[in-house]
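Asker: Starting off with a structure, shown below.
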Amino acid sequence: MTPDIAIVGIGETAPVRCAERDLRSLVIDAVYEALDDAGIPPGEVDGVVTDSIVMPTTVPHDYVMAQLGATSRFDGAISYGGAGIACGPLQAALAIDAGLADVVVCYFGVDWGTRPSGPYGFHDLYPAKQAFEKPYGFNAQPIYFGLWTRRYMKEFGLTPEQLGSVAVQQRQHALMRGGGQMTKPLSIDDYLSAPCVADPLRIPDCCLITDGAGAFVMTSRERARDCRKPPVPVAGVGFQSIPVSGDSVFTQDPNLLTTPAAQAAADQAFNMAGIKRSDVDFLELYDCFTISVLMQLEDMGFCEKGEAGAFFESGRAAIGGDLPVNTHGGFLSYSYRLGIEHVVEAVRQLRGEAGTNQVANARFGAVGGFSLPDYGVLILGDDD
């Protein structure tokens, strides 16, 4: 399969810790902004895609289409969170190629800053965690990823300074871009003196908590030529899910040092795009924690195992470096909306609209969507 679609419009609400409006309002604002960016009237939308777990229970497809005054011919969902967002274009491409839709909107948003349980409540949907882990205090994402980080440090010799370089670099990107939740500089000394949350993870190692939404619009490459902004072609998409349930993948998987499914999803996406890793000009990776950035960089094939810490510490992941990573600041310093902001940033980069954060001569960008046990990879750009 060669995708014959392009992203023609993007939109997002300003990320905040606690919004004054509900999540449905935020999503609709982002969708309308994306359609206006594309120059497509709301009534022409005839397809909608998003993740299969978070959005259906908070901002359902039928609600979105009703607010647009649009009739749906295609309604799809895949995976959840990051993988679901990265793989939205896969479903859109299938629908548009089959003649089931002409204009497809992908949206996502969270209100975990306002909701009392925040992201911690998400894993309550897994009965094994409720029964065997949560009652004993082994609960919540920082603890899961703290376990991974300590094991990684032992196996590969990762230093605190190398881990901290991820947080420091992404803070710099966020400050350069502006508009994100974090507005204060972060030095490596600031990082090393920050309190621990779940040893060895410090506060800057952990993603933000956010209320906000984002959206992007897709159509065929032929129709995309008539849209308001330069189209960004979808070059390749990869999705993979390993046969391990969410009950155990974060804590009981015997292979804690590999991002499940990332290599297979990346291989699929690069094969579809017909390009090599070395052709990618920037990466937008799901950075729920600093360790997840390092592991994905390796497991997607951009570094050898155990080398990503040195890659960041040397500055190679900075704007102007060999392979800029999370050019807007990511979840660690810009916002945490499970990856919709990563796709929006990738489109800005390939349009040349990233301002002071612009990667020079960017032709291809990749987005990594992390949703254990699933993983999704989206490659945008082309050779024209």
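By convention in this document, the chains of the structure tokens carry letters A, B, ... by their order, each chain's residues are numbered from 1, and ligands are numbered from 1 in the order they are shown.
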DSSP on the backbone, strand (DSSP E) only: what residues of stretch 94-240 of chain A does that give? Format it as a PyMOL selection string.
Answerer: chain A and resi 103-111+196-198+201-202+211-220+232-240
Asker: Would you write out those residues with N, CA and C atoms, as an mmCIF file, in the first residue's frame?
Answerer:
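Wrote it out as selection36.cif, contents follow:
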data_model
loop_
_atom_site.group_PDB
_atom_site.id
_atom_site.type_symbol
_atom_site.label_atom_id
_atom_site.label_comp_id
_atom_site.auth_asym_id
_atom_site.auth_seq_id
_atom_site.Cartn_x
_atom_site.Cartn_y
_atom_site.Cartn_z
ATOM 1 N N VAL A 103 -13.072 13.609 2.864
ATOM 2 C CA VAL A 103 -12.396 14.475 3.835
ATOM 3 C C VAL A 103 -12.535 13.834 5.213
ATOM 4 N N VAL A 104 -11.422 13.495 5.823
ATOM 5 C CA VAL A 104 -11.420 12.782 7.107
ATOM 6 C C VAL A 104 -10.726 13.631 8.163
ATOM 7 N N VAL A 105 -11.367 13.770 9.311
ATOM 8 C CA VAL A 105 -10.808 14.501 10.449
ATOM 9 C C VAL A 105 -10.340 13.515 11.507
ATOM 10 N N CYS A 106 -9.134 13.719 12.027
ATOM 11 C CA CYS A 106 -8.636 12.980 13.183
ATOM 12 C C CYS A 106 -8.517 13.970 14.340
ATOM 13 N N TYR A 107 -9.044 13.610 15.499
ATOM 14 C CA TYR A 107 -9.002 14.514 16.649
ATOM 15 C C TYR A 107 -8.645 13.740 17.902
ATOM 16 N N PHE A 108 -8.178 14.478 18.906
ATOM 17 C CA PHE A 108 -7.901 13.885 20.216
ATOM 18 C C PHE A 108 -7.772 14.995 21.238
ATOM 19 N N GLY A 109 -8.189 14.712 22.459
ATOM 20 C CA GLY A 109 -8.041 15.676 23.545
ATOM 21 C C GLY A 109 -8.135 14.998 24.893
ATOM 22 N N VAL A 110 -7.644 15.673 25.907
ATOM 23 C CA VAL A 110 -7.725 15.158 27.278
ATOM 24 C C VAL A 110 -8.087 16.287 28.235
ATOM 25 N N ASP A 111 -8.726 15.888 29.331
ATOM 26 C CA ASP A 111 -9.005 16.836 30.420
ATOM 27 C C ASP A 111 -8.440 16.288 31.722
ATOM 28 N N CYS A 196 12.938 13.731 43.595
ATOM 29 C CA CYS A 196 12.577 12.469 42.963
ATOM 30 C C CYS A 196 11.071 12.233 43.089
ATOM 31 N N VAL A 197 10.489 11.652 42.072
ATOM 32 C CA VAL A 197 9.084 11.253 42.085
ATOM 33 C C VAL A 197 8.991 9.746 42.295
ATOM 34 N N ALA A 198 9.746 9.003 41.488
ATOM 35 C CA ALA A 198 9.845 7.551 41.615
ATOM 36 C C ALA A 198 11.271 7.207 41.202
ATOM 37 N N LEU A 201 13.550 8.633 38.759
ATOM 38 C CA LEU A 201 12.902 9.710 38.003
ATOM 39 C C LEU A 201 12.660 10.928 38.877
ATOM 40 N N ARG A 202 13.115 12.094 38.386
ATOM 41 C CA ARG A 202 12.868 13.365 39.036
ATOM 42 C C ARG A 202 11.675 14.055 38.380
ATOM 43 N N ASP A 211 -4.943 20.019 30.034
ATOM 44 C CA ASP A 211 -6.259 20.058 29.394
ATOM 45 C C ASP A 211 -6.049 20.664 28.009
ATOM 46 N N GLY A 212 -6.500 19.974 26.982
ATOM 47 C CA GLY A 212 -6.348 20.541 25.641
ATOM 48 C C GLY A 212 -6.685 19.530 24.573
ATOM 49 N N ALA A 213 -6.734 20.006 23.328
ATOM 50 C CA ALA A 213 -7.124 19.154 22.206
ATOM 51 C C ALA A 213 -6.403 19.576 20.946
ATOM 52 N N GLY A 214 -6.389 18.678 19.981
ATOM 53 C CA GLY A 214 -5.807 18.962 18.679
ATOM 54 C C GLY A 214 -6.532 18.174 17.606
ATOM 55 N N ALA A 215 -6.311 18.546 16.358
ATOM 56 C CA ALA A 215 -6.975 17.865 15.244
ATOM 57 C C ALA A 215 -6.181 18.079 13.966
ATOM 58 N N PHE A 216 -6.353 17.165 13.013
ATOM 59 C CA PHE A 216 -5.803 17.381 11.676
ATOM 60 C C PHE A 216 -6.751 16.808 10.637
ATOM 61 N N VAL A 217 -6.686 17.386 9.448
ATOM 62 C CA VAL A 217 -7.611 17.058 8.359
ATOM 63 C C VAL A 217 -6.847 16.389 7.231
ATOM 64 N N MET A 218 -7.441 15.332 6.658
ATOM 65 C CA MET A 218 -6.798 14.587 5.581
ATOM 66 C C MET A 218 -7.724 14.457 4.377
ATOM 67 N N THR A 219 -7.138 14.474 3.206
ATOM 68 C CA THR A 219 -7.879 14.243 1.967
ATOM 69 C C THR A 219 -6.912 13.662 0.942
ATOM 70 N N SER A 220 -7.403 13.368 -0.256
ATOM 71 C CA SER A 220 -6.533 12.803 -1.282
ATOM 72 C C SER A 220 -5.481 13.829 -1.704
ATOM 73 N N VAL A 232 0.823 18.284 3.262
ATOM 74 C CA VAL A 232 1.924 17.467 3.777
ATOM 75 C C VAL A 232 1.564 16.006 3.524
ATOM 76 N N PRO A 233 2.197 15.369 2.545
ATOM 77 C CA PRO A 233 1.833 13.994 2.188
ATOM 78 C C PRO A 233 2.118 13.000 3.315
ATOM 79 N N VAL A 234 1.242 12.015 3.431
ATOM 80 C CA VAL A 234 1.478 10.870 4.309
ATOM 81 C C VAL A 234 2.295 9.862 3.515
ATOM 82 N N ALA A 235 3.535 9.630 3.947
ATOM 83 C CA ALA A 235 4.430 8.739 3.207
ATOM 84 C C ALA A 235 4.312 7.289 3.660
ATOM 85 N N GLY A 236 4.124 7.076 4.957
ATOM 86 C CA GLY A 236 4.047 5.716 5.476
ATOM 87 C C GLY A 236 3.458 5.684 6.865
ATOM 88 N N VAL A 237 2.796 4.575 7.180
ATOM 89 C CA VAL A 237 2.226 4.372 8.513
ATOM 90 C C VAL A 237 2.477 2.926 8.922
ATOM 91 N N GLY A 238 2.853 2.726 10.170
ATOM 92 C CA GLY A 238 3.046 1.374 10.681
ATOM 93 C C GLY A 238 2.342 1.187 12.007
ATOM 94 N N PHE A 239 1.739 0.027 12.191
ATOM 95 C CA PHE A 239 1.068 -0.302 13.455
ATOM 96 C C PHE A 239 1.404 -1.730 13.835
ATOM 97 N N GLN A 240 1.668 -1.936 15.112
ATOM 98 C CA GLN A 240 1.946 -3.276 15.606
ATOM 99 C C GLN A 240 1.504 -3.369 17.064
#
Asker: Find the residues near A:Ala140: any atom within 10 Å, counting only C-alpha atoms, skip ones fewer than 4 places away on the same chain, and give them as a list in words.
Answerer: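 Listed by chain and then number, they are Pro119, Tyr120, Gly121, Phe122, His123, Asp124, Lys129, Glu133, Lys134, Tyr144, Phe145 and Ala198 of chain A.
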Asker: Generate a file of the selected residues that holds N, CA and C atoms, formatted as an mmCIF file, in the first residue's frame.
Answerer:
data_model
loop_
_atom_site.group_PDB
_atom_site.id
_atom_site.type_symbol
_atom_site.label_atom_id
_atom_site.label_comp_id
_atom_site.auth_asym_id
_atom_site.auth_seq_id
_atom_site.Cartn_x
_atom_site.Cartn_y
_atom_site.Cartn_z
ATOM 1 N N PRO A 119 -4.293 11.163 34.699
ATOM 2 C CA PRO A 119 -3.916 9.978 33.927
ATOM 3 C C PRO A 119 -3.823 8.722 34.778
ATOM 4 N N TYR A 120 -3.715 8.872 36.107
ATOM 5 C CA TYR A 120 -3.553 7.697 36.958
ATOM 6 C C TYR A 120 -4.774 6.777 36.905
ATOM 7 N N GLY A 121 -5.942 7.359 36.697
ATOM 8 C CA GLY A 121 -7.147 6.546 36.664
ATOM 9 C C GLY A 121 -7.255 5.668 35.438
ATOM 10 N N PHE A 122 -6.468 5.969 34.397
ATOM 11 C CA PHE A 122 -6.607 5.232 33.146
ATOM 12 C C PHE A 122 -6.344 3.745 33.328
ATOM 13 N N HIS A 123 -5.322 3.392 34.084
ATOM 14 C CA HIS A 123 -4.933 1.990 34.205
ATOM 15 C C HIS A 123 -5.853 1.194 35.125
ATOM 16 N N ASP A 124 -6.870 1.852 35.698
ATOM 17 C CA ASP A 124 -7.854 1.120 36.481
ATOM 18 C C ASP A 124 -8.719 0.212 35.615
ATOM 19 N N LYS A 129 -4.252 -5.114 37.687
ATOM 20 C CA LYS A 129 -3.612 -4.022 38.420
ATOM 21 C C LYS A 129 -4.423 -3.671 39.674
ATOM 22 N N GLU A 133 -1.588 -5.127 42.138
ATOM 23 C CA GLU A 133 -0.560 -4.088 42.197
ATOM 24 C C GLU A 133 -1.010 -2.861 42.991
ATOM 25 N N LYS A 134 -2.128 -2.319 42.628
ATOM 26 C CA LYS A 134 -2.581 -1.073 43.254
ATOM 27 C C LYS A 134 -2.736 -1.173 44.772
ATOM 28 N N TYR A 144 5.927 2.814 37.186
ATOM 29 C CA TYR A 144 6.216 1.859 36.108
ATOM 30 C C TYR A 144 7.506 2.240 35.379
ATOM 31 N N PHE A 145 7.602 3.509 35.004
ATOM 32 C CA PHE A 145 8.754 3.937 34.208
ATOM 33 C C PHE A 145 10.013 4.131 35.056
ATOM 34 N N ALA A 198 9.746 9.003 41.488
ATOM 35 C CA ALA A 198 9.845 7.551 41.615
ATOM 36 C C ALA A 198 11.271 7.207 41.202
#
Asker: List the spatial neighbours of A:Leu192 as a list in words - criterion: any atom at most 9 Å away, only C-alpha atoms, same-chain residues fewer than 3 positions off excluded.
Answerer: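 Counting only the stated atoms, we get Pro160, Glu161, Gly164, Ser187, Ile188, Asp189, Pro195 and Arg202 of chain A.
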Asker: Atoms to include: C-alpha atoms. Write the selected residues as a PDB file, in the first residue's frame.
Answerer:
ATOM      1  CA  PRO A 160      21.718  10.815  35.556  1.00  0.00           C
ATOM      2  CA  GLU A 161      23.315  13.548  33.443  1.00  0.00           C
ATOM      3  CA  GLY A 164      18.570  14.714  32.382  1.00  0.00           C
ATOM      4  CA  SER A 187      19.792  23.537  33.421  1.00  0.00           C
ATOM      5  CA  ILE A 188      21.388  20.191  34.145  1.00  0.00           C
ATOM      6  CA  ASP A 189      22.121  21.444  37.691  1.00  0.00           C
ATOM      7  CA  PRO A 195      13.028  16.125  43.843  1.00  0.00           C
ATOM      8  CA  ARG A 202      12.868  13.365  39.036  1.00  0.00           C
TER       9      ARG A 202
END
Asker: Write down as JSON, numbers by chain the residues belonging to stretch 157-364 of chain A that are assigned helix (DSSP H, G or I) by DSSP computed on the backbone.
Answerer: {"A": [160, 161, 162, 163, 164, 165, 166, 167, 168, 169, 170, 171, 172, 173, 174, 175, 176, 177, 188, 189, 190, 191, 192, 193, 203, 204, 205, 221, 222, 223, 224, 262, 263, 264, 265, 266, 267, 268, 269, 270, 271, 272, 273, 277, 278, 279, 290, 291, 292, 293, 294, 295, 296, 297, 298, 299, 308, 309, 310, 311, 312, 313, 330, 331, 332, 333, 340, 341, 342, 343, 344, 345, 346, 347, 348, 349, 350, 351, 355, 356, 357]}
Asker: If you take only C-alpha atoms and a cut-off of 6 Å, which residues of stretch 184-248 of chain A touch stretch 331-336 of chain A, and what are their nearest atom pairs and distances in Å to one decimal, in chain and number order, as JSON lines?
Answerer:
{"residue": "A:Cys207", "atom": "CA", "partner": "A:Leu332", "partner_atom": "CA", "distance": 4.3}
{"residue": "A:Leu208", "atom": "CA", "partner": "A:Tyr336", "partner_atom": "CA", "distance": 5.6}
{"residue": "A:Ile209", "atom": "CA", "partner": "A:Tyr336", "partner_atom": "CA", "distance": 5.9}
{"residue": "A:Thr210", "atom": "CA", "partner": "A:Tyr336", "partner_atom": "CA", "distance": 5.4}
Asker: With N, CA and C atoms kept, could you save the residues just selected as a PDB file, in the first residue's frame?
Answerer:
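Output (out-v5.pdb):
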ATOM      1  N   CYS A 207       6.156  13.715  32.366  1.00  0.00           N
ATOM      2  CA  CYS A 207       5.377  14.579  31.481  1.00  0.00           C
ATOM      3  C   CYS A 207       4.470  15.514  32.278  1.00  0.00           C
ATOM      4  N   LEU A 208       4.006  16.527  31.594  1.00  0.00           N
ATOM      5  CA  LEU A 208       3.078  17.485  32.167  1.00  0.00           C
ATOM      6  C   LEU A 208       1.690  16.866  32.305  1.00  0.00           C
ATOM      7  N   ILE A 209       0.807  17.571  32.981  1.00  0.00           N
ATOM      8  CA  ILE A 209      -0.616  17.223  33.006  1.00  0.00           C
ATOM      9  C   ILE A 209      -1.349  18.368  32.327  1.00  0.00           C
ATOM     10  N   THR A 210      -2.239  18.044  31.399  1.00  0.00           N
ATOM     11  CA  THR A 210      -2.780  19.049  30.490  1.00  0.00           C
ATOM     12  C   THR A 210      -4.268  18.884  30.256  1.00  0.00           C
TER      13      THR A 210
END
Asker: Just checking: using only C-alpha atoms, which residue out of A:Asn357, A:Gln349, A:Asn326, A:Thr149 ends up closest to A:Val168?
Answerer: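 For A:Val168, the nearest of the candidates is A:Asn326.
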Asker: Mind giving me the straight-line distance from atom CA of A:Pro3 to atom CA of A:Ala93 in Å, one decimal?
Answerer: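 Interatomic distance here is 5.8 Å.
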